[in-house]
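Structure file my_file.tsv (TSV, C-alpha atoms) is printed below.
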chain	number	residue	atom	x	y	z
A	882	MET	CA	14.29	-26.07	-20.56
A	883	THR	CA	15.23	-22.72	-19.05
A	884	SER	CA	14.90	-21.50	-15.49
A	885	SER	CA	15.86	-18.49	-13.44
A	886	ILE	CA	15.82	-17.45	-9.80
A	887	GLU	CA	14.37	-14.04	-9.03
A	888	PRO	CA	16.46	-11.66	-6.90
A	889	ILE	CA	13.72	-11.22	-4.29
A	890	THR	CA	14.56	-12.53	-0.81
A	891	GLY	CA	11.77	-13.47	1.61
A	892	ARG	CA	12.23	-13.59	5.40
A	893	TYR	CA	10.33	-13.23	8.67
A	894	VAL	CA	10.74	-10.64	11.40
A	895	ARG	CA	9.36	-10.79	14.93
A	896	LEU	CA	7.46	-7.67	16.00
A	897	THR	CA	5.40	-6.65	19.01
A	898	VAL	CA	2.46	-4.38	18.22
A	899	ASP	CA	-0.06	-3.24	20.83
A	900	GLY	CA	1.60	-5.69	23.21
A	901	THR	CA	0.93	-8.59	20.82
A	902	PRO	CA	3.82	-10.71	19.45
A	903	LEU	CA	3.70	-11.11	15.67
A	904	ARG	CA	5.64	-13.03	13.03
A	905	VAL	CA	5.66	-10.86	9.91
A	906	TYR	CA	6.76	-11.91	6.46
A	907	PHE	CA	8.62	-9.49	4.21
A	908	GLU	CA	10.43	-9.49	0.90
A	909	GLU	CA	13.29	-7.29	-0.22
A	910	ALA	CA	15.50	-6.64	-3.20
A	911	GLY	CA	18.11	-4.09	-4.21
A	912	GLN	CA	20.51	-1.78	-2.47
A	913	GLY	CA	20.65	1.91	-1.74
A	914	ARG	CA	18.00	4.18	-0.28
A	915	PRO	CA	15.38	2.04	1.47
A	916	VAL	CA	11.78	2.16	0.23
A	917	VAL	CA	9.08	0.49	2.34
A	918	CYS	CA	6.15	-0.64	0.15
A	919	LEU	CA	2.66	-1.19	1.57
A	920	HIS	CA	0.01	-3.36	-0.09
A	921	THR	CA	-3.68	-2.62	-0.51
A	922	ALA	CA	-6.57	-3.87	1.62
A	923	GLY	CA	-7.09	-7.63	1.50
A	924	ALA	CA	-3.89	-8.30	-0.46
A	925	ASP	CA	-0.18	-8.83	0.21
A	926	THR	CA	3.33	-8.04	-0.99
A	927	ARG	CA	2.89	-9.89	-4.29
A	928	GLN	CA	1.41	-6.65	-5.59
A	929	TRP	CA	4.93	-5.17	-5.54
A	930	ARG	CA	6.78	-8.05	-7.21
A	931	PHE	CA	7.38	-6.22	-10.47
A	932	ILE	CA	9.08	-3.31	-8.74
A	933	LEU	CA	11.24	-5.66	-6.63
A	934	ASN	CA	12.27	-7.50	-9.81
A	935	ASP	CA	13.17	-4.35	-11.76
A	936	GLU	CA	16.96	-3.95	-11.93
A	937	ALA	CA	16.70	-0.32	-12.96
A	938	PHE	CA	15.00	0.41	-9.63
A	939	THR	CA	16.86	-2.02	-7.38
A	940	SER	CA	20.28	-0.77	-8.53
A	941	SER	CA	19.75	2.41	-6.51
A	942	HIS	CA	17.03	1.52	-3.99
A	943	ARG	CA	16.47	-1.20	-1.42
A	944	PHE	CA	12.81	-2.16	-1.62
A	945	LEU	CA	11.11	-3.84	1.32
A	946	ALA	CA	7.49	-5.00	1.21
A	947	PHE	CA	5.80	-6.76	4.12
A	948	ASP	CA	2.55	-8.63	4.62
A	949	LEU	CA	0.49	-7.05	7.36
A	950	PRO	CA	-0.52	-9.50	10.11
A	951	TRP	CA	-3.51	-11.60	8.92
A	952	HIS	CA	-2.32	-11.13	5.31
A	953	GLY	CA	-0.32	-13.29	2.90
A	954	LYS	CA	2.36	-15.25	4.74
A	955	SER	CA	1.99	-13.29	7.99
A	956	LEU	CA	-0.13	-15.32	10.38
A	957	PRO	CA	-2.78	-13.73	12.58
A	958	PRO	CA	-1.90	-13.35	16.27
A	959	GLU	CA	-2.51	-16.13	18.76
A	960	GLY	CA	-6.18	-16.39	19.65
A	961	PHE	CA	-7.38	-14.99	16.32
A	962	GLU	CA	-10.15	-17.60	16.18
A	963	THR	CA	-12.10	-15.73	18.87
A	964	ALA	CA	-11.27	-12.20	17.65
A	965	GLU	CA	-12.81	-9.90	15.08
A	966	TYR	CA	-10.22	-8.40	12.78
A	967	LEU	CA	-10.72	-4.64	12.41
A	968	LEU	CA	-7.66	-2.67	11.39
A	969	THR	CA	-7.27	0.73	13.08
A	970	THR	CA	-5.12	3.74	12.29
A	971	GLY	CA	-3.19	3.38	15.56
A	972	THR	CA	-2.37	-0.30	15.03
A	973	TYR	CA	-1.44	0.27	11.38
A	974	ILE	CA	0.92	3.12	12.28
A	975	GLU	CA	2.56	1.10	15.06
A	976	THR	CA	3.02	-1.86	12.72
A	977	VAL	CA	4.78	0.23	10.07
A	978	LEU	CA	7.02	1.95	12.62
A	979	SER	CA	7.83	-1.34	14.37
A	980	PHE	CA	8.83	-2.90	11.05
A	981	CYS	CA	11.13	0.03	10.25
A	982	ASN	CA	12.69	-0.15	13.72
A	983	ALA	CA	13.23	-3.91	13.52
A	984	LEU	CA	14.99	-3.60	10.16
A	985	GLY	CA	17.05	-0.63	11.34
A	986	LEU	CA	15.74	1.61	8.56
A	987	GLU	CA	16.74	5.24	8.97
A	988	LYS	CA	14.44	7.64	7.14
A	989	PRO	CA	13.22	5.32	4.40
A	990	LEU	CA	10.83	6.41	1.69
A	991	LEU	CA	7.31	5.11	2.23
A	992	ALA	CA	5.25	4.01	-0.77
A	993	GLY	CA	1.74	2.72	-0.09
A	994	CYS	CA	-1.28	2.01	-2.24
A	995	SER	CA	-4.96	2.41	-1.32
A	996	MET	CA	-5.13	1.91	2.44
A	997	GLY	CA	-1.32	1.91	2.29
A	998	GLY	CA	-1.50	5.33	0.67
A	999	ARG	CA	-3.92	6.53	3.33
A	1000	ILE	CA	-1.61	5.45	6.15
A	1001	ALA	CA	1.31	7.07	4.33
A	1002	LEU	CA	-0.52	10.39	4.55
A	1003	GLN	CA	-1.35	9.74	8.22
A	1004	LEU	CA	2.33	9.13	8.88
A	1005	ALA	CA	3.24	12.27	6.91
A	1006	ALA	CA	1.05	14.19	9.37
A	1007	LEU	CA	1.95	12.40	12.59
A	1008	HIS	CA	5.49	11.00	12.15
A	1009	PRO	CA	7.16	12.92	9.32
A	1010	ASP	CA	10.56	12.80	11.01
A	1011	ARG	CA	10.72	9.02	10.61
A	1012	PHE	CA	10.68	9.09	6.81
A	1013	ALA	CA	12.47	10.79	3.93
A	1014	GLY	CA	9.34	11.15	1.83
A	1015	PHE	CA	5.92	9.73	1.05
A	1016	ILE	CA	4.52	8.28	-2.18
A	1017	ALA	CA	0.78	7.92	-1.59
A	1018	ILE	CA	-0.81	5.86	-4.39
A	1019	GLU	CA	-4.60	5.80	-4.85
A	1020	ALA	CA	-4.80	7.87	-1.66
A	1021	SER	CA	-7.21	10.50	-0.38
A	1022	ASP	CA	-8.14	12.14	2.89
A	1023	PHE	CA	-11.25	10.04	3.52
A	1024	GLN	CA	-13.26	7.61	1.44
A	1025	PRO	CA	-16.77	6.58	2.50
A	1026	ALA	CA	-17.82	3.17	1.19
A	1027	TRP	CA	-20.13	3.02	-1.83
A	1028	TYR	CA	-20.72	-0.65	-0.98
A	1029	ASP	CA	-21.68	-2.71	2.09
A	1030	ILE	CA	-18.40	-4.05	3.55
A	1031	ASP	CA	-20.24	-6.83	5.40
A	1032	TRP	CA	-20.71	-8.61	2.08
A	1033	PHE	CA	-17.04	-9.60	2.31
A	1034	HIS	CA	-17.62	-11.72	5.43
A	1035	ARG	CA	-20.93	-13.56	5.39
A	1036	PRO	CA	-21.84	-17.24	5.83
A	1037	ASP	CA	-23.86	-17.22	2.60
A	1038	ALA	CA	-21.25	-15.63	0.33
A	1039	HIS	CA	-17.64	-16.37	-0.60
A	1040	GLY	CA	-15.79	-13.34	0.74
A	1041	GLY	CA	-12.79	-13.84	-1.53
A	1042	GLU	CA	-14.85	-13.99	-4.69
A	1043	MET	CA	-16.94	-11.03	-3.56
A	1044	GLY	CA	-13.71	-9.10	-2.97
A	1045	ALA	CA	-12.41	-10.05	-6.41
A	1046	ALA	CA	-15.61	-8.72	-7.96
A	1047	LEU	CA	-15.12	-5.35	-6.26
A	1048	VAL	CA	-11.47	-5.34	-7.29
A	1049	SER	CA	-12.34	-6.11	-10.91
A	1050	ALA	CA	-14.51	-3.00	-11.10
A	1051	ASN	CA	-11.50	-0.93	-9.99
A	1052	ILE	CA	-9.03	-2.28	-12.55
A	1053	ALA	CA	-8.62	-0.25	-15.73
A	1054	PRO	CA	-9.88	-1.89	-18.95
A	1055	GLN	CA	-6.39	-1.55	-20.46
A	1056	ALA	CA	-4.90	-3.96	-17.90
A	1057	PRO	CA	-3.48	-7.15	-19.42
A	1058	SER	CA	-5.81	-10.08	-18.76
A	1059	VAL	CA	-3.09	-12.12	-17.04
A	1060	GLU	CA	-2.30	-9.43	-14.48
A	1061	ARG	CA	-5.98	-8.55	-14.00
A	1062	TRP	CA	-6.61	-12.13	-12.90
A	1063	ASN	CA	-3.38	-12.38	-10.90
A	1064	THR	CA	-4.42	-9.26	-9.01
A	1065	GLN	CA	-7.88	-10.65	-8.34
A	1066	TRP	CA	-6.42	-14.00	-7.22
A	1067	MET	CA	-4.75	-12.35	-4.23
A	1068	PHE	CA	-8.14	-11.23	-3.00
A	1069	MET	CA	-9.68	-14.63	-3.64
A	1070	GLN	CA	-7.05	-16.06	-1.28
A	1071	SER	CA	-7.62	-13.51	1.48
A	1072	GLY	CA	-8.43	-14.91	4.93
A	1073	PRO	CA	-12.03	-14.81	6.20
A	1074	GLY	CA	-12.99	-11.30	7.27
A	1075	VAL	CA	-9.61	-9.76	6.40
A	1076	PHE	CA	-10.78	-7.64	3.48
A	1077	ARG	CA	-13.75	-6.47	5.54
A	1078	GLY	CA	-11.46	-5.59	8.45
A	1079	ASP	CA	-9.18	-3.56	6.19
A	1080	LEU	CA	-12.12	-1.78	4.58
A	1081	SER	CA	-13.33	-0.86	8.06
A	1082	PHE	CA	-10.09	1.10	8.45
A	1083	TYR	CA	-10.34	2.55	4.96
A	1084	THR	CA	-13.99	3.68	5.12
A	1085	LYS	CA	-14.85	4.11	8.80
A	1086	ASP	CA	-11.73	4.73	10.90
A	1087	ASP	CA	-9.85	7.89	11.76
A	1088	SER	CA	-10.41	10.50	9.07
A	1089	LEU	CA	-7.35	12.30	7.78
A	1090	THR	CA	-9.29	15.42	6.82
A	1091	GLY	CA	-8.45	17.37	9.96
A	1092	ARG	CA	-4.76	16.48	9.74
A	1093	LEU	CA	-3.92	17.50	6.20
A	1094	GLY	CA	-2.81	20.93	7.41
A	1095	MET	CA	-0.24	19.26	9.67
A	1096	ILE	CA	1.70	17.88	6.71
A	1097	ASP	CA	4.77	20.03	6.04
A	1098	THR	CA	6.21	19.24	2.61
A	1099	ARG	CA	9.01	21.72	3.24
A	1100	LYS	CA	10.46	19.07	5.55
A	1101	THR	CA	9.18	15.84	3.99
A	1102	PRO	CA	7.96	15.64	0.36
A	1103	VAL	CA	4.57	14.12	-0.48
A	1104	HIS	CA	3.64	12.84	-3.93
A	1105	ILE	CA	0.11	11.55	-4.59
A	1106	MET	CA	-0.63	9.25	-7.53
A	1107	CYS	CA	-4.04	8.16	-8.81
A	1108	GLY	CA	-5.20	6.01	-11.71
A	1109	GLU	CA	-7.68	7.67	-14.02
A	1110	TYR	CA	-9.97	4.60	-13.84
A	1111	ASP	CA	-10.07	4.35	-10.04
A	1112	LEU	CA	-13.70	4.20	-8.83
A	1113	THR	CA	-12.79	4.00	-5.14
A	1114	CYS	CA	-10.28	6.83	-4.87
A	1115	THR	CA	-11.20	8.92	-7.88
A	1116	PRO	CA	-8.88	11.44	-9.51
A	1117	GLU	CA	-11.15	14.12	-8.02
A	1118	ASP	CA	-10.58	12.68	-4.53
A	1119	ALA	CA	-6.83	12.60	-5.03
A	1120	ARG	CA	-6.79	16.13	-6.45
A	1121	ARG	CA	-8.85	17.46	-3.53
A	1122	THR	CA	-6.43	15.89	-1.09
A	1123	ALA	CA	-3.30	17.12	-2.87
A	1124	GLU	CA	-4.66	20.66	-3.03
A	1125	ALA	CA	-5.22	20.61	0.73
A	1126	ILE	CA	-1.53	19.80	1.35
A	1127	ASP	CA	0.64	22.80	0.63
A	1128	GLY	CA	3.51	21.75	-1.63
A	1129	ALA	CA	2.25	18.24	-2.42
A	1130	THR	CA	2.59	17.01	-5.99
A	1131	LEU	CA	0.00	15.01	-7.92
A	1132	ALA	CA	0.06	12.64	-10.88
A	1133	ILE	CA	-3.07	11.26	-12.55
A	1134	MET	CA	-1.98	8.02	-14.23
A	1135	LYS	CA	-3.29	7.19	-17.68
A	1136	ASP	CA	-4.73	3.71	-18.37
A	1137	LEU	CA	-4.51	2.66	-14.70
A	1138	GLY	CA	-6.95	1.85	-11.92
A	1139	HIS	CA	-6.79	1.22	-8.18
A	1140	PHE	CA	-4.03	-1.45	-8.23
A	1141	PRO	CA	-1.52	0.03	-10.68
A	1142	MET	CA	1.65	-1.75	-9.60
A	1143	SER	CA	0.10	-5.20	-10.16
A	1144	GLU	CA	-2.73	-4.68	-12.68
A	1145	ASN	CA	-0.54	-3.10	-15.36
A	1146	PRO	CA	3.12	-2.96	-14.29
A	1147	SER	CA	4.46	-1.65	-17.60
A	1148	ALA	CA	2.10	1.35	-17.50
A	1149	PHE	CA	2.85	1.96	-13.83
A	1150	ARG	CA	6.62	1.78	-14.18
A	1151	PRO	CA	7.28	5.26	-15.68
A	1152	CYS	CA	4.87	6.82	-13.16
A	1153	PHE	CA	6.73	5.23	-10.25
A	1154	GLN	CA	10.07	6.18	-11.77
A	1155	GLU	CA	8.89	9.80	-11.87
A	1156	ALA	CA	7.79	9.55	-8.24
A	1157	LEU	CA	11.22	8.33	-7.13
A	1158	GLU	CA	12.86	11.12	-9.11
A	1159	LEU	CA	10.61	13.69	-7.44
A	1160	MET	CA	11.61	12.29	-4.05
A	1161	ARG	CA	15.29	12.50	-4.97
A	1162	HIS	CA	15.06	16.09	-6.19
A	1163	SER	CA	12.99	17.18	-3.20
A	1164	GLN	CA	15.45	15.62	-0.76
A	1165	ALA	CA	18.35	17.32	-2.54
A	1166	GLU	CA	16.60	20.67	-2.31
A	1167	LEU	CA	15.80	20.15	1.38
A	1168	ALA	CA	19.42	19.22	2.07
A	1169	HIS	CA	20.63	22.52	0.58
A	1170	ALA	CA	17.90	24.67	2.12
Whole structure, structure tokens version:
Amino acid sequence: MTSSIEPITGRYVRLTVDGTPLRVYFEEAGQGRPVVCLHTAGADTRQWRFILNDEAFTSSHRFLAFDLPWHGKSLPPEGFETAEYLLTTGTYIETVLSFCNALGLEKPLLAGCSMGGRIALQLAALHPDRFAGFIAIEASDFQPAWYDIDWFHRPDAHGGEMGAALVSANIAPQAPSVERWNTQWMFMQSGPGVFRGDLSFYTKDDSLTGRLGMIDTRKTPVHIMCGEYDLTCTPEDARRTAEAIDGATLAIMKDLGHFPMSENPSAFRPCFQEALELMRHSQAELAHA
């Protein structure tokens, strides 16, 4: 019998967002330049477990991934039973900044996927001075829903299984079966109405379109990544967004869909390694400018 303990450490941090006290769960691994990793809608930090377990990455970077309130091991706020969860741009931004402040992170890199990639671009426009660079994965300026988000919170349907069905359509066919199902399992476990509340942010909230011109990559680099099999944020969406940001770089990832870091970690790894290298070179160039 063999066993091993993974190097990931999980802890809780107390935050106050919009005047509301929160107990937020986060995991970290590694040492060096901090990288804050944001999960997709309806999921949690388990999506980033392969990166946090990769010694080649953690030898030079300190990765931190947290569960948004209502997600994973982060409980909803007090009184949630009488509230409707609808994530907004303002609350999302304040949560990310509050987390960075609480951990004492000075100019970390920010890597987010899907709605995490969208908020990364919002932060690149509105708070670029707080970060050293942005890796926006499966991210675009605005994405109207091609589905009815209310299906994910109905009394006559299982929201988690409905969410997993949507997720399955956005996973590339090359994804290993084990990780396809592990990725879908996170959505099956999502709390009632959480996926719907996240998708409200992703499809209906503050559009980034009018802010793309505010992003100055001469001060803070932006790298956009998109899986070639993504139906939600298509390569065309990602390309349109990258072209609207002067100096942004773009990578279309082969054999990957909307959840690359968890659906097919071995295919995602070299793409993410390239993204970190781009950040390092861009920061070096900015330092000597």
Original post:
Excluding same-chain residues fewer than 6 positions from segment 1007-1017 of chain A, what lies within 8 Å of it counting all atoms listed in the file, as number ranges by chain?
Top reply: A: 987-995, 997-999, 1001, 1095-1096, 1100-1106, 1156, 1160, 1164
Original post:
Quick one: of A:His1139, A:Lys954, A:His1162, A:Arg914, who's nearest to Leu1047 of chain A, counting all atoms listed in the file?
Top reply: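 The answer is A:His1139, which sits nearest to Leu1047 of chain A.
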**OP:** Would you mind listing what lies within 10 Å of Ala924 of chain A as a ChimeraX atom specification, with only C-alpha atoms counted and same-chain residues fewer than 5 positions away left out?
**Re:** /A:919,948-949,951-953,1064-1072,1075-1076,1079
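Distance annotation: of A:Asn1051, A:Ala1165, A:Gly1044, A:Ser1021, the residue with the minimal separation from Pro1116 of chain A is A:Ser1021; atom set is only C-alpha atoms.
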Subject >> Proximity to Pro957 of chain A - best of A:Ala1005, A:Ala922, A:Leu896, A:Val905, only C-alpha atoms >> reply: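 That would be A:Val905, the residue with the smallest distance to Pro957 of chain A.
Once Gly1091 of chain A and its same-chain neighbours fewer than 4 positions away are set aside, Leu1002, Gln1003, Ala1006, Leu1007, Asp1022, Phe1023, Asp1087, Met1095, Ile1096, Thr1122, Ala1125 and Ile1126 of chain A remain within 12 Å of it when counting all atoms listed in the file.
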**OP:** Find, counting all atoms listed in the file, the residue in A:Thr921, A:His942, A:Leu1131, A:Val894 that gets nearest to Phe980 of chain A.
**Re:**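 When distances to Phe980 of chain A are compared using all atoms listed in the file, the smallest one comes from A:Val894.
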Original post:
Quick one: distance from atom CA of Asp1111 of chain A to atom CA of Gly1138 of chain A in Å, one decimal?
Top reply: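 Spanning atom CA of Asp1111 of chain A to atom CA of Gly1138 of chain A is a straight-line distance of 4.4 Å.
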**OP:** Take atom CA of Ala1020 of chain A and atom CA of Asn1063 of chain A and report the distance between them in Å, one decimal.
**Re:** 22.3 Å
So for segment 1058-1075 of chain A, what box centre and size do we get, axis-aligned, 5 Å extra on each of the six sides, every listed atom, Å to one decimal, as AutoDock Vina command-line options?
--center_x -7.6 --center_y -12.3 --center_z -5.7 --size_x 20.7 --size_y 17.5 --size_z 36.0
Original post:
Rounded to one decimal in Å, what is the spacing between atom CA of Arg1061 of chain A and atom CA of Asp1136 of chain A?
Top reply: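 These atoms are spaced 13.1 Å apart.
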**OP:** For each of A:Ile1000, A:Pro915, A:Ala1046, A:Thr901, take the minimum atom-to-atom distance to Gly985 of chain A, counting all atoms listed in the file, then give the residue where this is smallest.
**Re:** A:Pro915
Subject >> Residue nearest Leu1137 of chain A among A:Tyr1110, A:Phe907, A:Phe961, A:Phe1153 (counting all atoms listed in the file) >> reply: A:Tyr1110
